[in-house]
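One file, input.tsv, carrying TSV, C-alpha atoms:
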```tsv
chain	number	residue	atom	x	y	z
A	98	MET	CA	20.66	26.87	-89.53
A	99	ARG	CA	19.92	29.71	-91.94
A	100	LEU	CA	17.91	32.61	-90.71
A	101	SER	CA	16.96	35.68	-92.71
A	102	VAL	CA	16.73	39.19	-91.35
A	103	SER	CA	12.98	39.21	-91.73
A	104	LEU	CA	12.76	36.02	-89.67
A	105	LEU	CA	15.09	37.50	-87.09
A	106	LEU	CA	13.05	40.68	-86.99
A	107	ARG	CA	9.77	38.83	-86.59
A	108	SER	CA	10.66	35.98	-84.25
A	109	LEU	CA	13.90	36.64	-82.40
A	110	SER	CA	14.42	39.20	-79.71
A	111	ALA	CA	17.77	40.78	-78.94
A	112	ALA	CA	18.19	38.43	-75.97
A	113	GLU	CA	17.64	35.38	-78.19
A	114	ILE	CA	20.24	36.59	-80.70
A	115	VAL	CA	22.70	36.97	-77.85
A	116	THR	CA	22.01	33.45	-76.53
A	117	MET	CA	22.20	31.93	-80.03
A	118	SER	CA	25.60	33.51	-80.59
A	119	LYS	CA	27.21	31.86	-77.54
A	120	PRO	CA	28.10	28.22	-76.83
A	121	SER	CA	25.77	26.42	-74.45
A	122	LEU	CA	26.31	23.71	-71.83
A	123	VAL	CA	23.78	20.89	-72.26
A	124	ASN	CA	23.95	17.75	-70.11
A	125	GLY	CA	27.54	18.44	-69.16
A	126	ARG	CA	28.70	18.90	-72.79
A	127	TRP	CA	29.35	22.12	-74.66
A	128	ARG	CA	27.45	22.75	-77.86
A	129	LYS	CA	28.52	25.11	-80.61
A	130	PRO	CA	26.66	28.42	-80.97
A	131	ALA	CA	23.54	28.24	-83.13
A	132	LEU	CA	24.82	31.23	-85.13
A	133	SER	CA	28.40	31.13	-86.41
A	134	ALA	CA	30.62	34.19	-86.50
A	135	MET	CA	30.14	34.48	-90.25
A	136	GLN	CA	26.36	34.32	-89.90
A	137	LEU	CA	26.47	36.93	-87.14
A	138	ALA	CA	28.56	39.22	-89.36
A	139	LYS	CA	26.05	38.87	-92.21
A	140	TYR	CA	23.11	39.57	-89.89
A	141	LYS	CA	24.88	42.53	-88.35
A	142	LYS	CA	25.39	44.01	-91.80
A	143	GLN	CA	21.74	43.45	-92.69
A	144	PHE	CA	20.60	44.98	-89.39
A	145	GLN	CA	22.70	48.07	-90.07
A	146	GLN	CA	21.36	48.35	-93.61
A	147	ALA	CA	17.79	48.10	-92.25
A	148	GLY	CA	18.60	50.88	-89.76
A	149	LEU	CA	18.19	48.69	-86.70
A	150	GLU	CA	20.46	48.55	-83.67
A	151	TRP	CA	22.64	45.45	-83.39
A	152	PRO	CA	21.91	43.67	-80.05
A	153	LEU	CA	25.45	42.36	-79.49
A	154	GLU	CA	28.10	44.67	-78.15
A	155	GLN	CA	31.41	44.96	-79.99
A	156	THR	CA	34.13	43.21	-78.00
A	157	PRO	CA	37.79	43.90	-78.68
A	158	LEU	CA	39.86	40.97	-79.89
A	159	ARG	CA	42.42	41.52	-77.13
A	160	THR	CA	42.05	43.38	-73.91
A	161	PRO	CA	44.94	45.69	-73.12
A	162	SER	CA	46.95	44.50	-70.18
A	163	SER	CA	47.90	46.84	-67.37
A	164	LYS	CA	50.74	44.52	-66.41
A	165	ALA	CA	54.13	45.33	-67.90
A	166	PRO	CA	55.81	42.59	-69.93
A	167	LYS	CA	57.99	40.33	-67.82
A	168	GLY	CA	60.99	40.47	-70.14
A	169	LYS	CA	63.74	37.96	-70.75
A	170	ARG	CA	65.64	36.11	-68.04
A	171	PHE	CA	69.03	37.43	-69.16
A	172	GLU	CA	67.75	41.02	-68.96
A	173	ALA	CA	66.63	40.51	-65.37
A	174	ALA	CA	69.95	38.94	-64.37
A	175	LYS	CA	72.13	41.43	-66.28
A	176	GLU	CA	72.80	43.85	-63.38
A	177	LYS	CA	73.75	41.08	-60.96
A	178	ARG	CA	75.95	39.51	-63.61
A	179	LEU	CA	77.80	42.79	-64.23
A	180	VAL	CA	78.40	43.23	-60.49
A	181	ASP	CA	79.73	39.67	-60.26
A	182	ILE	CA	82.06	40.29	-63.21
A	183	GLU	CA	83.44	43.46	-61.56
A	184	GLU	CA	84.11	41.56	-58.32
A	185	LYS	CA	85.82	38.70	-60.16
A	186	MET	CA	87.94	41.09	-62.22
A	187	ALA	CA	89.13	42.79	-59.02
A	188	GLN	CA	90.36	39.37	-57.79
A	189	MET	CA	91.82	38.35	-61.16
A	190	ASP	CA	95.46	39.40	-60.48
A	191	LYS	CA	95.58	37.30	-57.33
A	192	MET	CA	93.90	34.35	-59.07
A	193	VAL	CA	96.39	34.45	-61.97
A	194	ALA	CA	99.35	34.62	-59.56
A	195	ASP	CA	97.98	31.68	-57.54
A	196	TYR	CA	97.43	29.69	-60.72
A	197	ARG	CA	100.98	30.31	-61.93
A	198	GLU	CA	102.44	29.34	-58.56
A	199	GLU	CA	100.39	26.15	-58.53
A	200	ARG	CA	101.48	25.23	-62.09
A	201	LEU	CA	105.13	25.93	-61.23
A	202	ALA	CA	104.89	23.73	-58.12
A	203	LYS	CA	103.33	20.93	-60.18
A	204	ARG	CA	106.06	21.19	-62.80
A	205	LYS	CA	108.79	21.06	-60.16
A	206	ALA	CA	107.18	18.04	-58.52
A	207	ALA	CA	106.86	16.26	-61.86
A	208	LYS	CA	110.49	17.06	-62.74
A	209	SER	CA	111.81	15.71	-59.44
A	210	LYS	CA	109.67	12.56	-59.85
A	211	ARG	CA	111.01	12.06	-63.39
A	212	GLN	CA	114.58	12.39	-62.16
A	213	LEU	CA	113.98	9.78	-59.47
A	214	LEU	CA	112.43	7.33	-61.92
A	215	GLN	CA	115.10	7.72	-64.62
A	216	PRO	CA	117.18	4.57	-65.08
A	217	ILE	CA	120.81	4.73	-64.07
A	218	PRO	CA	123.08	4.82	-67.11
A	219	SER	CA	124.90	1.51	-67.74
A	220	ALA	CA	128.27	3.22	-67.70
A	221	LEU	CA	127.78	4.12	-64.03
A	222	THR	CA	126.61	0.69	-62.89
A	223	LYS	CA	130.10	-0.80	-62.89
A	224	TYR	CA	131.19	1.73	-60.26
A	225	MET	CA	128.22	1.06	-58.00
A	226	PRO	CA	128.59	-1.44	-55.19
A	227	PRO	CA	126.50	-4.61	-55.52
A	228	PHE	CA	123.47	-5.02	-53.25
```
Could I get this structure in the form of structure tokens?
Amino acid sequence: MRLSVSLLLRSLSAAEIVTMSKPSLVNGRWRKPALSAMQLAKYKKQFQQAGLEWPLEQTPLRTPSSKAPKGKRFEAAKEKRLVDIEEKMAQMDKMVADYREERLAKRKAAKSKRQLLQPIPSALTKYMPPF
């Protein structure tokens, strides 16, 4: 739909330009605006060259947000993580000592089990009483 400035000046009011520049809901379905963004830009330029006031207000592309950015998850958890690390490091000496004791006990148990399961050397069997 091509409209010239003279046609706009003669037939369309400011309210009609506004309605033609927005999508419309007809029978439960949305229709595209009658004037595309490129057409609106051309008409705006022609209006300004003719010395007329443009009926549409200038809207910013993005509205500034008053809400601070949320940030990353690791940044939010950093303080708690550092506190947890400090607590764990305070317990580390005890944990290492417990671990070493546990490993030593396991090694001793395994050694005694190995000694019990070792076969009796054949040289000693002749001195053993029969069962």
### Message
Could you tell me how far CA of Arg126 (chain A) sits from CA of Pro152 (chain A), in Å to one decimal place?
### Response
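Between CA of Pro152 (chain A) and CA of Arg126 (chain A) the gap is 26.7 Å.
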### Summary
CA of Lys119 (chain A) sits from CA of Leu149 (chain A) at a separation of 21.2 Å
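If you measure from each of A:Leu153, A:Tyr140, A:Lys185, A:Ser133 to Glu113 (chain A) using only C-alpha atoms, the closest one turns out to be A:Leu153.
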### Message
For Thr116 (chain A), find every residue with an atom within 9 Å (counting all atoms listed in the file), except residues of its own chain fewer than 4 positions away, and show them as an NGL selection string.
### Response
:A and (111-112 or 120-121 or 130-131)
#### Entry: Coordinates-based distance that separates CA of Lys205 (chain A) from CA of Met189 (chain A) (Å, one decimal)
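Separating CA of Met189 (chain A) from CA of Lys205 (chain A) is a distance of 24.2 Å.
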